[in-house]
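One structure is given here, and the rest of the page talks about it.
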Amino acid sequence: MKTRIIVAAIGIPVLLLVIFFAPLIVFGCLVGAIAACSAYELMRCAGVKAERRMLIYGVVFAAAVPVITALAGNTLNAPLVFLLFALVFCELMLSFNKETALSFETAAKVLFAGGVMPLLLSALVRLGQREHGTLYILLPFVAAFSSDSGAYFIGISLGKHRLAPRLSPKKSIEGSVGGFICAIGAMLIYGLILKSLGYQANLPVMAVYGLLGSLACQLGDLSFSAVKRLYGVKDYGNLLPGHGGALDRFDSMYFTAPMIEILVLWVPAIF
C-alpha cells in the first residue's frame, strides 16, 4: 500500500501538469506511451511474444494512434487501423510458406491490442480537442480514480458479499456500490469547483457522468481481470511498483474514457 501511495503521489501531479500546462501533443504522447505499454503487456500475456514482428506491429501502432489523433484528429485513425489490418493479414498469408502458419488467434490479438485498444484510449485525446478540452479530459480520470478508490476502501471496511468470487475474489458488492457513490460525489464536487471558477456545469448531468463512468470503470476492471484469469497471470507487468503493469493501472480507462466521450457528445455538461 505504501508503494502504491508513493507512485500515485508522484504520478498524479505529473499527469495534472501535462494536462493543464503542456500542449495536447504532449498529452497525446503520454497516452501513446500508455497504449504501447498496455498493448505489449496484453500481447505478452496472451502468448504473442513468440511472434516478434507481430509484437512490434501491435506496440508501434498502439503508440501511433493517440499521437496521430492529437496531431490530426480522427482523420487518420481509419487509415492507420487499415494499415495494421493489412500488415497482420499479409503476415498471416505469408506464414503459409513456413513450416508453421501464423494462427488467426494471434492475428486477432495483435489487431485488438494495436488497433482497437488505442482507439478506445484515444477518447482521452479527443476529449481534449473540444472547447474547454482540459476540463473534459479530467472527467474520465475523476470517474475512474474516485470509483476505484471508493470501491477499494469501502470494500475493505464494509465488504461482506463477493461480487465475482471466481473472477476477482477481493471485490465485493458493497465495494461496487461504494464506487458508484464516490464517483457520483466526486463528479458533483468537480462540477461545483468549475461553477466556482466561473464555468457553467450541469450538476445532474455530471452525476450521470459519475454513475455511468463508474459502471464503465468497474466493467473495464473486471473485463481485463478475466483476461488475466484466462492466461493464469496475477499482473500484466511490473512497470509501476505496487500497481503492476500499465494495463493493471489503466485497464478501466479503456472503458471509462469512451463512455465519457459518448456522454459528452450526447449531453455536454460543461460550458
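Residues in the C-alpha cells are numbered from 1 in each chain, the chains being A, B, ... in the order shown, and ligands are numbered from 1 in the order shown.
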Original post:
What are the DSSP alpha helix (DSSP H) residues of region 104-258 of chain A, as JSON, numbers by chain?
Top reply: {"A": [104, 105, 106, 107, 108, 109, 110, 111, 117, 118, 119, 120, 121, 123, 124, 125, 126, 127, 128, 133, 134, 135, 136, 137, 138, 139, 140, 141, 142, 143, 144, 145, 146, 147, 148, 149, 150, 151, 152, 153, 154, 155, 156, 157, 158, 173, 174, 175, 176, 177, 178, 179, 180, 181, 182, 183, 184, 185, 186, 187, 188, 189, 190, 191, 192, 193, 194, 195, 196, 203, 204, 205, 206, 207, 208, 209, 210, 211, 212, 213, 214, 215, 216, 217, 218, 219, 220, 221, 222, 223, 224, 225, 226, 227, 228, 229, 230, 231, 246, 247, 248, 249, 250, 253, 254, 255, 256, 257, 258]}
Would you output that residue set with C-alpha atoms, as a compact mmCIF listing (two decimals), in the first residue's frame?
```txt
# COMPACT_ATOMS: atom_id res chain seq x y z
CA PHE A 104 -5.74 -16.44 -36.65
CA GLU A 105 -5.91 -16.08 -32.86
CA THR A 106 -2.51 -14.38 -32.86
CA ALA A 107 -3.60 -12.04 -35.67
CA ALA A 108 -6.78 -11.16 -33.76
CA LYS A 109 -4.83 -10.45 -30.55
CA VAL A 110 -2.49 -8.06 -32.38
CA LEU A 111 -5.37 -6.26 -34.08
CA MET A 117 -7.48 -0.64 -27.65
CA PRO A 118 -5.60 2.55 -28.66
CA LEU A 119 -8.70 3.82 -30.48
CA LEU A 120 -10.63 3.44 -27.24
CA LEU A 121 -7.93 5.07 -25.11
CA ALA A 123 -11.01 9.10 -26.38
CA LEU A 124 -8.90 10.96 -23.79
CA VAL A 125 -7.18 12.91 -26.58
CA ARG A 126 -10.42 13.50 -28.47
CA LEU A 127 -11.97 14.97 -25.32
CA GLY A 128 -9.04 17.36 -25.16
CA GLY A 133 -10.89 20.35 -23.56
CA THR A 134 -8.66 20.39 -20.47
CA LEU A 135 -11.72 20.29 -18.24
CA TYR A 136 -13.23 17.44 -20.26
CA ILE A 137 -10.02 15.39 -20.18
CA LEU A 138 -10.27 15.25 -16.40
CA LEU A 139 -13.75 13.70 -16.45
CA PRO A 140 -12.66 10.07 -17.10
CA PHE A 141 -9.89 10.38 -14.50
CA VAL A 142 -12.27 11.80 -11.89
CA ALA A 143 -14.77 8.99 -12.59
CA ALA A 144 -12.22 6.17 -12.66
CA PHE A 145 -9.99 7.19 -9.76
CA SER A 146 -12.90 8.04 -7.44
CA SER A 147 -14.72 4.83 -8.36
CA ASP A 148 -11.59 2.72 -7.81
CA SER A 149 -10.79 4.41 -4.51
CA GLY A 150 -14.37 4.22 -3.25
CA ALA A 151 -14.70 0.56 -4.19
CA TYR A 152 -11.37 -0.28 -2.57
CA PHE A 153 -11.78 1.48 0.77
CA ILE A 154 -15.49 0.79 1.23
CA GLY A 155 -14.93 -2.80 0.15
CA ILE A 156 -12.19 -3.23 2.78
CA SER A 157 -14.25 -1.68 5.58
CA LEU A 158 -17.76 -2.94 4.76
CA ILE A 173 -21.00 -5.82 -3.78
CA GLU A 174 -20.60 -3.21 -1.03
CA GLY A 175 -17.40 -2.01 -2.63
CA SER A 176 -19.09 -1.77 -6.02
CA VAL A 177 -21.89 0.34 -4.57
CA GLY A 178 -19.28 2.47 -2.82
CA GLY A 179 -17.57 3.01 -6.16
CA PHE A 180 -20.80 4.32 -7.69
CA ILE A 181 -21.46 6.64 -4.75
CA CYS A 182 -17.92 8.04 -4.67
CA ALA A 183 -17.84 8.59 -8.43
CA ILE A 184 -21.13 10.48 -8.37
CA GLY A 185 -19.97 12.53 -5.37
CA ALA A 186 -16.61 13.31 -6.99
CA MET A 187 -18.29 14.43 -10.22
CA LEU A 188 -20.65 16.71 -8.31
CA ILE A 189 -17.70 18.21 -6.39
CA TYR A 190 -15.84 18.70 -9.67
CA GLY A 191 -18.92 20.43 -11.10
CA LEU A 192 -19.17 22.73 -8.08
CA ILE A 193 -15.48 23.63 -8.39
CA LEU A 194 -16.00 24.50 -12.05
CA LYS A 195 -19.01 26.66 -11.19
CA SER A 196 -16.96 28.49 -8.54
CA LEU A 203 -24.79 19.10 -11.99
CA PRO A 204 -27.49 16.47 -12.75
CA VAL A 205 -25.62 15.58 -15.94
CA MET A 206 -22.35 15.46 -14.01
CA ALA A 207 -23.99 12.98 -11.64
CA VAL A 208 -24.93 10.82 -14.65
CA TYR A 209 -21.31 11.03 -15.81
CA GLY A 210 -20.27 9.72 -12.40
CA LEU A 211 -22.83 6.89 -12.39
CA LEU A 212 -22.12 5.61 -15.90
CA GLY A 213 -18.41 6.38 -15.64
CA SER A 214 -18.21 4.17 -12.54
CA LEU A 215 -20.16 1.44 -14.34
CA ALA A 216 -17.70 1.55 -17.24
CA CYS A 217 -14.75 1.65 -14.83
CA GLN A 218 -15.89 -1.47 -12.99
CA LEU A 219 -16.66 -3.30 -16.23
CA GLY A 220 -13.20 -2.46 -17.56
CA ASP A 221 -11.53 -3.68 -14.39
CA LEU A 222 -13.43 -6.97 -14.40
CA SER A 223 -13.02 -7.48 -18.16
CA PHE A 224 -9.23 -7.25 -18.11
CA SER A 225 -9.17 -9.32 -14.91
CA ALA A 226 -10.99 -12.00 -16.89
CA VAL A 227 -8.20 -11.98 -19.48
CA LYS A 228 -5.61 -12.41 -16.73
CA ARG A 229 -7.55 -15.35 -15.31
CA LEU A 230 -7.76 -16.96 -18.75
CA TYR A 231 -3.98 -16.91 -19.05
CA ALA A 246 0.40 -0.11 -17.25
CA LEU A 247 -2.65 -2.19 -18.13
CA ASP A 248 -3.22 -3.11 -14.48
CA ARG A 249 -3.39 0.60 -13.65
CA PHE A 250 -5.25 1.88 -16.72
CA MET A 253 -9.74 3.73 -18.66
CA TYR A 254 -10.28 1.70 -21.83
CA PHE A 255 -13.97 1.58 -20.89
CA THR A 256 -14.36 4.81 -18.91
CA ALA A 257 -12.86 7.24 -21.46
CA PRO A 258 -15.07 6.10 -24.39
```
Original post:
Quick one: of A:Phe20, A:Phe85, A:Phe27, A:Tyr199, who's nearest to Ala70 (chain A), counting only C-alpha atoms?
Top reply: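 The answer is A:Phe27, which sits nearest to Ala70 (chain A).
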Subject >> Which of A:Lys160, A:Leu83, A:Val65, A:Met43 sits closest to Ser172 (chain A) [using only C-alpha atoms] >> reply: A:Lys160
**OP:** Work out how far CA of Ile56 (chain A) is from CA of Ile19 (chain A), in Å to one decimal.
**Re:**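 CA of Ile56 (chain A) lies at a distance of 28.5 Å from CA of Ile19 (chain A).
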**OP:** Write out as a PyMOL selection string all residues of region 18-194 of chain A that backbone DSSP assigns to strand (DSSP E or B).
**Re:** chain A and resi 162-164+168-172
With C-alpha atoms retained, write the just-selected residues as a PDB file, in the first residue's frame.
```pdb
ATOM      1  CA  ARG A 162     -18.471 -11.199  -3.014  1.00  0.00           C
ATOM      2  CA  LEU A 163     -19.225  -9.562  -6.346  1.00  0.00           C
ATOM      3  CA  ALA A 164     -17.447 -12.019  -8.660  1.00  0.00           C
ATOM      4  CA  SER A 168     -11.911 -11.163  -8.675  1.00  0.00           C
ATOM      5  CA  PRO A 169     -12.185 -12.631  -5.157  1.00  0.00           C
ATOM      6  CA  LYS A 170     -11.459  -9.371  -3.322  1.00  0.00           C
ATOM      7  CA  LYS A 171     -14.230  -7.343  -4.943  1.00  0.00           C
ATOM      8  CA  SER A 172     -17.487  -7.024  -3.038  1.00  0.00           C
TER       9      SER A 172
END
```
Subject >> Minimum-distance residue to Val267 (chain A), chosen among A:Ala201, A:Ala33, A:Val18, A:Ala62 (using only C-alpha atoms) >> reply: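 Going through A:Ala201, A:Ala33, A:Val18, A:Ala62 one by one, the smallest distance to Val267 (chain A) is for A:Ala201.
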Original post:
Which polymer residues have any atom within 12 Å of an atom of Ile68 (chain A), counting only C-alpha atoms, with same-chain residues fewer than 2 positions away left out, as a ChimeraX atom specification?
Top reply: /A:24-29,31-32,60-66,70-81,118-119,122,125-126
